[in-house]
Amino acid sequence: MNLRRVVLDTNIVVSAALRFGNPHRALLKARVEADLLVSEETLAELREVLLRPKFDLEIGRSLREGLYEELARQCTLVPIPFRVQVCRDPRDDKFIELAVHGQAEAIITGDRDLLVLNPFRGIAILTPADYLAIHSPSARGHLI
């Protein structure tokens with residue numbers, strides 16, 4: 001399976017910034033293999049969460065700002081012409097909307113409110129570990 005258009009939940013990007021582990025490896029893999037999709041709403045949430053003062057002791061603010069700016073430049077901005085309301089936590093609907101409107105093949109998340117919807121309209125909703133387990137021909141020699 002080759003997933004070319006991917007949505008990363010905010011929790012994955014923040015976890016990847018703070019520590020090495022599956023979220024970090026999943027972010028690296030997605031950046032190499034896929035077109036990362038964002039919306040105005042997901043970008044705003046990412047910025048707000050990444051720049052929370054509670055993370056200042058774990059990783060410097062300037063590094064977090066740099067990560068945000070780099071991801072914002074690399075990602076494809078997808079317009080959201082209509083809302084999709086399916087999650088038991090309405091705050092997570094923005095990731096479903098983004099995946100639907102951006103024609104994503106997968107959402108990578110650790111959020112159970114999203115994971116229970118797997119698959120949604122043909123969009124895989126995967127944990128970082130599940131995403132990492134998917135072999136991709138372009139990944140040889142890179143991350144797997």
# chains A, B, ... in the order shown; residues from 1 in each chain; ligands from 1

$ closest_atom_pairs --of "segment 16-92 of chain A" --to "segment 105-110 of chain A" --cutoff "12 Å" --atoms "only C-alpha atoms" --output "tab-separated table"
residue	atom	partner	partner_atom	distance
A:Ala16	CA	A:Thr109	CA	11.7
A:Asn22	CA	A:Gly110	CA	10.4
A:Pro23	CA	A:Thr109	CA	8.7
A:His24	CA	A:Ile108	CA	11.7
A:Arg25	CA	A:Ile108	CA	11.8
A:Ala26	CA	A:Ile108	CA	8.2
A:Leu27	CA	A:Ile108	CA	9.1
A:Lys29	CA	A:Ile108	CA	11.4
A:Ala30	CA	A:Ile108	CA	9.5
A:Ala34	CA	A:Glu105	CA	9.9
A:Asp35	CA	A:Glu105	CA	10.3
A:Leu36	CA	A:Ile107	CA	10.0
A:Leu37	CA	A:Ile107	CA	9.7
A:Val38	CA	A:Ile107	CA	11.3
A:Asp92	CA	A:Thr109	CA	10.5

$ closest_residue --among "A:Leu46, A:Ala133, A:Val78, A:Leu57" --to "Leu8 of chain A" --atoms "only C-alpha atoms"
A:Leu46

$ residues_around --residues "Gln103 of chain A" --least-positions-apart "3" --cutoff "8 Å" --atoms "only C-alpha atoms" --output "PDB file with N, CA and C atoms, in the first residue's frame"
ATOM      1  N   ARG A   5      -1.334  10.830   0.071  1.00  0.00           N
ATOM      2  CA  ARG A   5      -1.923  12.052   0.654  1.00  0.00           C
ATOM      3  C   ARG A   5      -2.336  11.722   2.082  1.00  0.00           C
ATOM      4  N   ALA A  99      -9.340  15.482   5.502  1.00  0.00           N
ATOM      5  CA  ALA A  99      -9.084  14.251   4.740  1.00  0.00           C
ATOM      6  C   ALA A  99     -10.075  14.094   3.592  1.00  0.00           C
ATOM      7  N   VAL A 100     -11.338  14.382   3.851  1.00  0.00           N
ATOM      8  CA  VAL A 100     -12.373  14.253   2.808  1.00  0.00           C
ATOM      9  C   VAL A 100     -12.106  15.247   1.682  1.00  0.00           C
TER      10      VAL A 100
END

$ select_by_dssp --residues "chain A" --states "strand (DSSP E)" --output "ChimeraX atom specification"
/A:5-8,35-38,76-77,106-108,124-126

$ write_last_selection --atoms "C-alpha atoms" --output "short mmCIF file (atom, residue, chain, number, x, y, z; two decimals), in the first residue's frame"
data_model
loop_
_atom_site.label_atom_id
_atom_site.label_comp_id
_atom_site.auth_asym_id
_atom_site.auth_seq_id
_atom_site.Cartn_x
_atom_site.Cartn_y
_atom_site.Cartn_z
CA ARG A 5 -1.92 12.05 0.65
CA VAL A 6 -1.85 12.07 4.43
CA VAL A 7 -3.33 14.09 7.31
CA LEU A 8 -1.41 14.22 10.58
CA ASP A 35 1.88 14.99 0.46
CA LEU A 36 0.96 16.32 3.91
CA LEU A 37 -2.39 18.08 3.97
CA VAL A 38 -3.46 20.96 6.22
CA THR A 76 -0.60 21.45 0.93
CA LEU A 77 -3.32 23.84 2.10
CA ALA A 106 -4.99 8.24 5.57
CA ILE A 107 -5.20 10.14 8.83
CA ILE A 108 -2.44 9.37 11.32
CA ALA A 124 -7.65 4.77 6.63
CA ILE A 125 -7.37 6.12 10.16
CA LEU A 126 -4.13 4.75 11.57
#

$ residues_around --residues "Glu70 of chain A" --least-positions-apart "3" --cutoff "12 Å" --atoms "only C-alpha atoms" --output "JSON, numbers by chain"
{"A": [31, 36, 43, 47, 63, 64, 65, 66, 67, 73, 74, 75]}

$ decode --residues "segment 41-70 of chain A" --atoms "N, CA and C atoms" --output "PDB file, in the first residue's frame"
ATOM      1  N   GLU A  41      -7.745  25.671   9.716  1.00  0.00           N
ATOM      2  CA  GLU A  41      -8.096  25.306  11.089  1.00  0.00           C
ATOM      3  C   GLU A  41      -7.065  24.376  11.726  1.00  0.00           C
ATOM      4  N   THR A  42      -6.577  23.380  10.979  1.00  0.00           N
ATOM      5  CA  THR A  42      -5.584  22.467  11.566  1.00  0.00           C
ATOM      6  C   THR A  42      -4.246  23.180  11.769  1.00  0.00           C
ATOM      7  N   LEU A  43      -3.895  24.074  10.864  1.00  0.00           N
ATOM      8  CA  LEU A  43      -2.662  24.858  11.034  1.00  0.00           C
ATOM      9  C   LEU A  43      -2.747  25.757  12.262  1.00  0.00           C
ATOM     10  N   ALA A  44      -3.889  26.406  12.452  1.00  0.00           N
ATOM     11  CA  ALA A  44      -4.066  27.284  13.613  1.00  0.00           C
ATOM     12  C   ALA A  44      -3.968  26.488  14.908  1.00  0.00           C
ATOM     13  N   GLU A  45      -4.581  25.309  14.946  1.00  0.00           N
ATOM     14  CA  GLU A  45      -4.496  24.481  16.143  1.00  0.00           C
ATOM     15  C   GLU A  45      -3.063  24.036  16.389  1.00  0.00           C
ATOM     16  N   LEU A  46      -2.369  23.623  15.346  1.00  0.00           N
ATOM     17  CA  LEU A  46      -0.984  23.180  15.501  1.00  0.00           C
ATOM     18  C   LEU A  46      -0.127  24.297  16.079  1.00  0.00           C
ATOM     19  N   ARG A  47      -0.254  25.486  15.542  1.00  0.00           N
ATOM     20  CA  ARG A  47       0.537  26.618  16.044  1.00  0.00           C
ATOM     21  C   ARG A  47       0.226  26.889  17.516  1.00  0.00           C
ATOM     22  N   GLU A  48      -1.062  26.931  17.835  1.00  0.00           N
ATOM     23  CA  GLU A  48      -1.463  27.222  19.216  1.00  0.00           C
ATOM     24  C   GLU A  48      -0.913  26.178  20.187  1.00  0.00           C
ATOM     25  N   VAL A  49      -1.036  24.917  19.841  1.00  0.00           N
ATOM     26  CA  VAL A  49      -0.590  23.848  20.735  1.00  0.00           C
ATOM     27  C   VAL A  49       0.935  23.808  20.820  1.00  0.00           C
ATOM     28  N   LEU A  50       1.611  23.871  19.681  1.00  0.00           N
ATOM     29  CA  LEU A  50       3.079  23.819  19.680  1.00  0.00           C
ATOM     30  C   LEU A  50       3.705  24.943  20.500  1.00  0.00           C
ATOM     31  N   LEU A  51       3.072  26.103  20.518  1.00  0.00           N
ATOM     32  CA  LEU A  51       3.666  27.257  21.181  1.00  0.00           C
ATOM     33  C   LEU A  51       3.178  27.460  22.610  1.00  0.00           C
ATOM     34  N   ARG A  52       2.505  26.479  23.172  1.00  0.00           N
ATOM     35  CA  ARG A  52       2.078  26.586  24.571  1.00  0.00           C
ATOM     36  C   ARG A  52       3.304  26.664  25.484  1.00  0.00           C
ATOM     37  N   PRO A  53       3.265  27.565  26.459  1.00  0.00           N
ATOM     38  CA  PRO A  53       4.402  27.732  27.374  1.00  0.00           C
ATOM     39  C   PRO A  53       4.774  26.452  28.133  1.00  0.00           C
ATOM     40  N   LYS A  54       3.820  25.542  28.324  1.00  0.00           N
ATOM     41  CA  LYS A  54       4.129  24.325  29.086  1.00  0.00           C
ATOM     42  C   LYS A  54       5.207  23.475  28.416  1.00  0.00           C
ATOM     43  N   PHE A  55       5.470  23.690  27.121  1.00  0.00           N
ATOM     44  CA  PHE A  55       6.501  22.921  26.421  1.00  0.00           C
ATOM     45  C   PHE A  55       7.865  23.611  26.433  1.00  0.00           C
ATOM     46  N   ASP A  56       7.944  24.823  26.992  1.00  0.00           N
ATOM     47  CA  ASP A  56       9.184  25.596  26.961  1.00  0.00           C
ATOM     48  C   ASP A  56      10.374  24.860  27.569  1.00  0.00           C
ATOM     49  N   LEU A  57      10.161  24.091  28.618  1.00  0.00           N
ATOM     50  CA  LEU A  57      11.268  23.389  29.267  1.00  0.00           C
ATOM     51  C   LEU A  57      11.709  22.148  28.499  1.00  0.00           C
ATOM     52  N   GLU A  58      10.808  21.604  27.677  1.00  0.00           N
ATOM     53  CA  GLU A  58      11.133  20.391  26.924  1.00  0.00           C
ATOM     54  C   GLU A  58      11.868  20.687  25.628  1.00  0.00           C
ATOM     55  N   ILE A  59      11.451  21.736  24.941  1.00  0.00           N
ATOM     56  CA  ILE A  59      12.078  22.121  23.670  1.00  0.00           C
ATOM     57  C   ILE A  59      11.860  23.624  23.494  1.00  0.00           C
ATOM     58  N   GLY A  60      12.904  24.305  23.098  1.00  0.00           N
ATOM     59  CA  GLY A  60      12.846  25.757  22.995  1.00  0.00           C
ATOM     60  C   GLY A  60      11.769  26.257  22.051  1.00  0.00           C
ATOM     61  N   ARG A  61      11.226  27.411  22.368  1.00  0.00           N
ATOM     62  CA  ARG A  61      10.165  28.010  21.561  1.00  0.00           C
ATOM     63  C   ARG A  61      10.625  28.247  20.120  1.00  0.00           C
ATOM     64  N   SER A  62      11.861  28.700  19.937  1.00  0.00           N
ATOM     65  CA  SER A  62      12.332  28.983  18.576  1.00  0.00           C
ATOM     66  C   SER A  62      12.393  27.710  17.734  1.00  0.00           C
ATOM     67  N   LEU A  63      12.741  26.583  18.346  1.00  0.00           N
ATOM     68  CA  LEU A  63      12.738  25.313  17.610  1.00  0.00           C
ATOM     69  C   LEU A  63      11.322  24.903  17.235  1.00  0.00           C
ATOM     70  N   ARG A  64      10.390  25.109  18.137  1.00  0.00           N
ATOM     71  CA  ARG A  64       8.988  24.774  17.843  1.00  0.00           C
ATOM     72  C   ARG A  64       8.429  25.699  16.768  1.00  0.00           C
ATOM     73  N   GLU A  65       8.771  26.970  16.838  1.00  0.00           N
ATOM     74  CA  GLU A  65       8.335  27.912  15.790  1.00  0.00           C
ATOM     75  C   GLU A  65       8.910  27.509  14.436  1.00  0.00           C
ATOM     76  N   GLY A  66      10.187  27.104  14.439  1.00  0.00           N
ATOM     77  CA  GLY A  66      10.820  26.664  13.197  1.00  0.00           C
ATOM     78  C   GLY A  66      10.157  25.434  12.620  1.00  0.00           C
ATOM     79  N   LEU A  67       9.816  24.476  13.474  1.00  0.00           N
ATOM     80  CA  LEU A  67       9.116  23.273  13.013  1.00  0.00           C
ATOM     81  C   LEU A  67       7.774  23.650  12.406  1.00  0.00           C
ATOM     82  N   TYR A  68       7.037  24.511  13.088  1.00  0.00           N
ATOM     83  CA  TYR A  68       5.742  24.943  12.568  1.00  0.00           C
ATOM     84  C   TYR A  68       5.896  25.591  11.191  1.00  0.00           C
ATOM     85  N   GLU A  69       6.825  26.522  11.082  1.00  0.00           N
ATOM     86  CA  GLU A  69       7.011  27.244   9.820  1.00  0.00           C
ATOM     87  C   GLU A  69       7.440  26.301   8.696  1.00  0.00           C
ATOM     88  N   GLU A  70       8.327  25.370   9.016  1.00  0.00           N
ATOM     89  CA  GLU A  70       8.775  24.407   8.010  1.00  0.00           C
ATOM     90  C   GLU A  70       7.623  23.525   7.539  1.00  0.00           C
TER      91      GLU A  70
END
